[in-house]
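Printed here is model06.cif (mmCIF, C-alpha atoms):
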```cif
data_input
#
loop_
_atom_site.group_PDB
_atom_site.id
_atom_site.type_symbol
_atom_site.label_atom_id
_atom_site.label_comp_id
_atom_site.auth_asym_id
_atom_site.auth_seq_id
_atom_site.Cartn_x
_atom_site.Cartn_y
_atom_site.Cartn_z
ATOM 1 C CA MET V 1152 -25.624 -81.182 -16.454
ATOM 2 C CA ALA V 1153 -24.626 -82.101 -20.002
ATOM 3 C CA ASP V 1154 -22.344 -79.865 -22.040
ATOM 4 C CA ALA V 1155 -24.819 -80.014 -24.912
ATOM 5 C CA ASP V 1156 -27.513 -78.498 -22.675
ATOM 6 C CA LEU V 1157 -25.215 -75.683 -21.645
ATOM 7 C CA GLU V 1158 -24.219 -75.003 -25.236
ATOM 8 C CA ALA V 1159 -27.876 -74.887 -26.261
ATOM 9 C CA ILE V 1160 -28.610 -72.426 -23.446
ATOM 10 C CA ARG V 1161 -25.635 -70.279 -24.408
ATOM 11 C CA ALA V 1162 -26.684 -70.246 -28.062
ATOM 12 C CA LYS V 1163 -30.238 -69.289 -27.090
ATOM 13 C CA ARG V 1164 -28.978 -66.503 -24.859
ATOM 14 C CA MET V 1165 -26.622 -65.173 -27.525
ATOM 15 C CA ALA V 1166 -29.410 -65.145 -30.117
ATOM 16 C CA GLU V 1167 -31.678 -63.334 -27.686
ATOM 17 C CA LEU V 1168 -29.048 -60.700 -26.912
ATOM 18 C CA GLN V 1169 -28.398 -60.145 -30.609
ATOM 19 C CA ALA V 1170 -32.131 -59.814 -31.255
ATOM 20 C CA GLN V 1171 -32.445 -57.277 -28.438
ATOM 21 C CA GLN V 1172 -29.577 -55.178 -29.781
ATOM 22 C CA GLY V 1173 -30.785 -55.356 -33.366
ATOM 23 C CA GLY V 1174 -34.456 -54.762 -32.569
ATOM 24 C CA GLY V 1175 -33.926 -52.069 -29.953
ATOM 25 C CA SER V 1176 -32.389 -49.544 -32.365
ATOM 26 C CA GLY V 1177 -35.345 -49.487 -34.790
ATOM 27 C CA GLY V 1178 -37.636 -46.440 -35.040
ATOM 28 C CA GLY V 1179 -41.149 -47.854 -34.577
ATOM 29 C CA GLY V 1180 -43.890 -46.438 -32.400
ATOM 30 C CA GLY V 1181 -43.575 -45.929 -28.665
ATOM 31 C CA GLN V 1182 -46.202 -48.568 -27.894
ATOM 32 C CA GLN V 1183 -44.514 -51.198 -30.063
ATOM 33 C CA GLY V 1184 -41.151 -50.442 -28.487
ATOM 34 C CA ARG V 1185 -42.556 -50.896 -24.985
ATOM 35 C CA GLU V 1186 -44.270 -54.129 -25.943
ATOM 36 C CA GLY V 1187 -41.048 -55.394 -27.487
ATOM 37 C CA GLN V 1188 -39.132 -54.538 -24.345
ATOM 38 C CA GLU V 1189 -41.735 -56.252 -22.169
ATOM 39 C CA ASP V 1190 -41.632 -59.332 -24.385
ATOM 40 C CA ALA V 1191 -37.850 -59.380 -24.278
ATOM 41 C CA ALA V 1192 -37.881 -59.013 -20.498
ATOM 42 C CA GLN V 1193 -40.421 -61.829 -20.221
ATOM 43 C CA ARG V 1194 -38.342 -64.100 -22.471
ATOM 44 C CA GLN V 1195 -35.224 -63.296 -20.485
ATOM 45 C CA LYS V 1196 -37.024 -64.086 -17.221
ATOM 46 C CA GLU V 1197 -38.300 -67.396 -18.613
ATOM 47 C CA MET V 1198 -34.852 -68.318 -19.858
ATOM 48 C CA LYS V 1199 -33.321 -67.457 -16.497
ATOM 49 C CA ASN V 1200 -35.896 -69.634 -14.731
ATOM 50 C CA SER V 1201 -35.279 -72.533 -17.096
ATOM 51 C CA MET V 1202 -31.527 -72.300 -16.533
ATOM 52 C CA LEU V 1203 -32.007 -72.195 -12.776
ATOM 53 C CA SER V 1204 -34.295 -75.230 -12.926
ATOM 54 C CA GLN V 1205 -31.523 -77.097 -14.733
ATOM 55 C CA ILE V 1206 -28.874 -75.909 -12.261
ATOM 56 C CA LEU V 1207 -30.719 -76.294 -8.924
ATOM 57 C CA ASP V 1208 -32.649 -79.174 -7.420
ATOM 58 C CA GLN V 1209 -36.141 -78.549 -6.031
ATOM 59 C CA ASP V 1210 -35.097 -77.879 -2.418
ATOM 60 C CA ALA V 1211 -32.438 -75.396 -3.482
ATOM 61 C CA ARG V 1212 -34.929 -73.600 -5.755
ATOM 62 C CA THR V 1213 -37.368 -73.358 -2.869
ATOM 63 C CA ARG V 1214 -34.700 -71.847 -0.638
ATOM 64 C CA LEU V 1215 -33.684 -69.383 -3.344
ATOM 65 C CA HIS V 1216 -37.327 -68.375 -3.795
ATOM 66 C CA SER V 1217 -37.640 -67.806 -0.036
ATOM 67 C CA ILE V 1218 -34.566 -65.607 -0.114
ATOM 68 C CA ALA V 1219 -36.011 -63.663 -3.047
ATOM 69 C CA LEU V 1220 -39.091 -62.845 -0.991
ATOM 70 C CA VAL V 1221 -37.005 -61.338 1.802
ATOM 71 C CA LYS V 1222 -33.961 -59.969 -0.043
ATOM 72 C CA PRO V 1223 -34.609 -59.679 -3.783
ATOM 73 C CA GLU V 1224 -31.252 -58.011 -4.510
ATOM 74 C CA LYS V 1225 -29.335 -60.835 -2.867
ATOM 75 C CA ALA V 1226 -31.403 -63.457 -4.702
ATOM 76 C CA LYS V 1227 -30.677 -61.790 -8.056
ATOM 77 C CA GLN V 1228 -26.992 -61.699 -7.205
ATOM 78 C CA ILE V 1229 -27.040 -65.408 -6.381
ATOM 79 C CA GLU V 1230 -29.021 -66.271 -9.517
ATOM 80 C CA ASN V 1231 -26.591 -64.358 -11.712
ATOM 81 C CA MET V 1232 -23.637 -66.017 -10.003
ATOM 82 C CA LEU V 1233 -25.137 -69.489 -10.495
ATOM 83 C CA ILE V 1234 -25.867 -68.824 -14.179
ATOM 84 C CA GLN V 1235 -22.362 -67.492 -14.691
ATOM 85 C CA MET V 1236 -20.879 -70.555 -12.993
ATOM 86 C CA ALA V 1237 -22.956 -72.820 -15.245
ATOM 87 C CA GLN V 1238 -21.878 -70.960 -18.366
ATOM 88 C CA GLN V 1239 -18.236 -71.284 -17.362
ATOM 89 C CA GLY V 1240 -18.656 -75.016 -16.807
ATOM 90 C CA GLN V 1241 -18.060 -74.903 -13.057
ATOM 91 C CA ILE V 1242 -21.325 -76.737 -12.331
ATOM 92 C CA VAL V 1243 -21.354 -80.360 -13.431
ATOM 93 C CA GLN V 1244 -24.440 -81.597 -11.574
ATOM 94 C CA LYS V 1245 -27.510 -80.083 -9.978
ATOM 95 C CA ILE V 1246 -26.770 -78.016 -6.912
ATOM 96 C CA LYS V 1247 -28.399 -79.347 -3.775
ATOM 97 C CA GLU V 1248 -29.666 -77.232 -0.908
ATOM 98 C CA ASP V 1249 -26.590 -77.740 1.296
ATOM 99 C CA ARG V 1250 -24.253 -76.554 -1.486
ATOM 100 C CA LEU V 1251 -26.493 -73.532 -2.051
ATOM 101 C CA ILE V 1252 -26.234 -72.748 1.657
ATOM 102 C CA GLN V 1253 -22.438 -72.861 1.396
ATOM 103 C CA LEU V 1254 -22.543 -70.452 -1.542
ATOM 104 C CA LEU V 1255 -24.863 -68.163 0.403
ATOM 105 C CA GLU V 1256 -22.473 -68.127 3.350
ATOM 106 C CA GLN V 1257 -19.563 -67.271 1.060
ATOM 107 C CA ILE V 1258 -21.501 -64.402 -0.478
ATOM 108 C CA SER V 1259 -22.616 -63.157 2.927
ATOM 109 C CA GLN V 1260 -19.049 -63.127 4.194
ATOM 110 C CA SER V 1261 -17.774 -61.293 1.133
ATOM 111 C CA THR V 1262 -20.537 -58.683 1.170
ATOM 112 C CA GLN V 1263 -20.770 -58.287 4.925
ATOM 113 C CA LYS V 1264 -20.624 -54.661 5.916
ATOM 114 C CA LYS V 1265 -18.113 -53.831 8.553
ATOM 115 C CA THR V 1266 -19.569 -51.400 11.031
ATOM 116 C CA SER V 1267 -17.422 -49.434 13.332
ATOM 117 C CA VAL V 1268 -18.285 -47.015 16.027
ATOM 118 C CA LYS V 1269 -15.939 -44.188 16.694
ATOM 119 C CA PHE V 1270 -16.298 -42.090 19.819
ATOM 120 C CA GLU V 1271 -15.012 -38.573 19.741
ATOM 121 C CA ARG V 1272 -14.852 -36.936 23.078
ATOM 122 C CA ARG V 1273 -15.298 -33.238 23.107
ATOM 123 C CA ARG V 1274 -12.342 -31.510 24.514
ATOM 124 C CA VAL V 1275 -13.495 -28.562 26.484
ATOM 125 C CA ASP V 1276 -10.930 -26.191 27.800
ATOM 126 C CA SER V 1277 -11.499 -26.071 31.465
ATOM 127 C CA ASP V 1278 -11.320 -22.612 32.880
ATOM 128 C CA SER V 1279 -10.174 -23.710 36.319
ATOM 129 C CA ASP V 1280 -7.449 -21.061 36.313
ATOM 130 C CA ASP V 1281 -9.995 -18.256 36.163
ATOM 131 C CA GLU V 1282 -11.746 -19.261 39.362
#
```
How does this structure look as structure tokens?
Amino acid sequence: MADADLEAIRAKRMAELQAQQGGGSGGGGGQQGREGQEDAAQRQKEMKNSMLSQILDQDARTRLHSIALVKPEKAKQIENMLIQMAQQGQIVQKIKEDRLIQLLEQISQSTQKKTSVKFERRRVDSDSDDE
């Protein structure tokens, strides 16, 4: 991925964030505010999808979409991580499906919940002396 592409994406994102902050504080009617928020959310979603299409190859995007159907929270976490990696310049070429699988395994290991079972035995005073 070219540095010029990443810079263009960053500039677009920065302009969008500034527009959201500047436009969100205005008075306006309730309906206009909701429409503005919906438009901003739609633009943000489109921008996220365009960045992911530049970062991932087709097979990796398909796998990420499959994950999003089953575990949407995990898919969002992965998408945000990939976008952050691209913005920091850690991604130099499109990520293939096998590399995405490696990233998924790393995330799964780091977020894996450790379950433990603890048995507490009830200690009952035996009244064998009273018998």
* To do: Choose the residue, out of V:Asp1190, V:Ala1226, V:Leu1220, V:Gln1238, that has the smallest atom-to-atom separation from Asp1156 in chain V; count only C-alpha atoms.
  => V:Gln1238
* **Selection result for the PyMOL selection byres ((chain V and resi 1197-1208) around 12) on this file, as a PyMOL selection string** => chain V and resi 1152-1153+1156-1165+1167-1168+1190-1196+1209-1216+1226-1227+1229-1238+1240-1251
Report as lines of an AutoDock Vina configuration file the centre and the edge lengths, in Å to one decimal, of the axis-aligned box holding every listed atom of range 1230-1246 of chain V, padded by 8 Å on each side.
```
center_x = -23.5
center_y = -73.0
center_z = -12.6
size_x = 27.0
size_y = 33.2
size_z = 27.5
```
* Provide the CA of Glu1189 in chain V to CA of Ala1170 in chain V distance in Å, to one decimal place. => 13.7 Å
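For the pair CA of Lys1222 in chain V and CA of Gly1187 in chain V, the separation is 28.7 Å.
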* Atomic separation - CA of Lys1225 in chain V relative to CA of Gln1188 in chain V, Å ->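 Rounded to one decimal, the two atoms are 24.4 Å apart.
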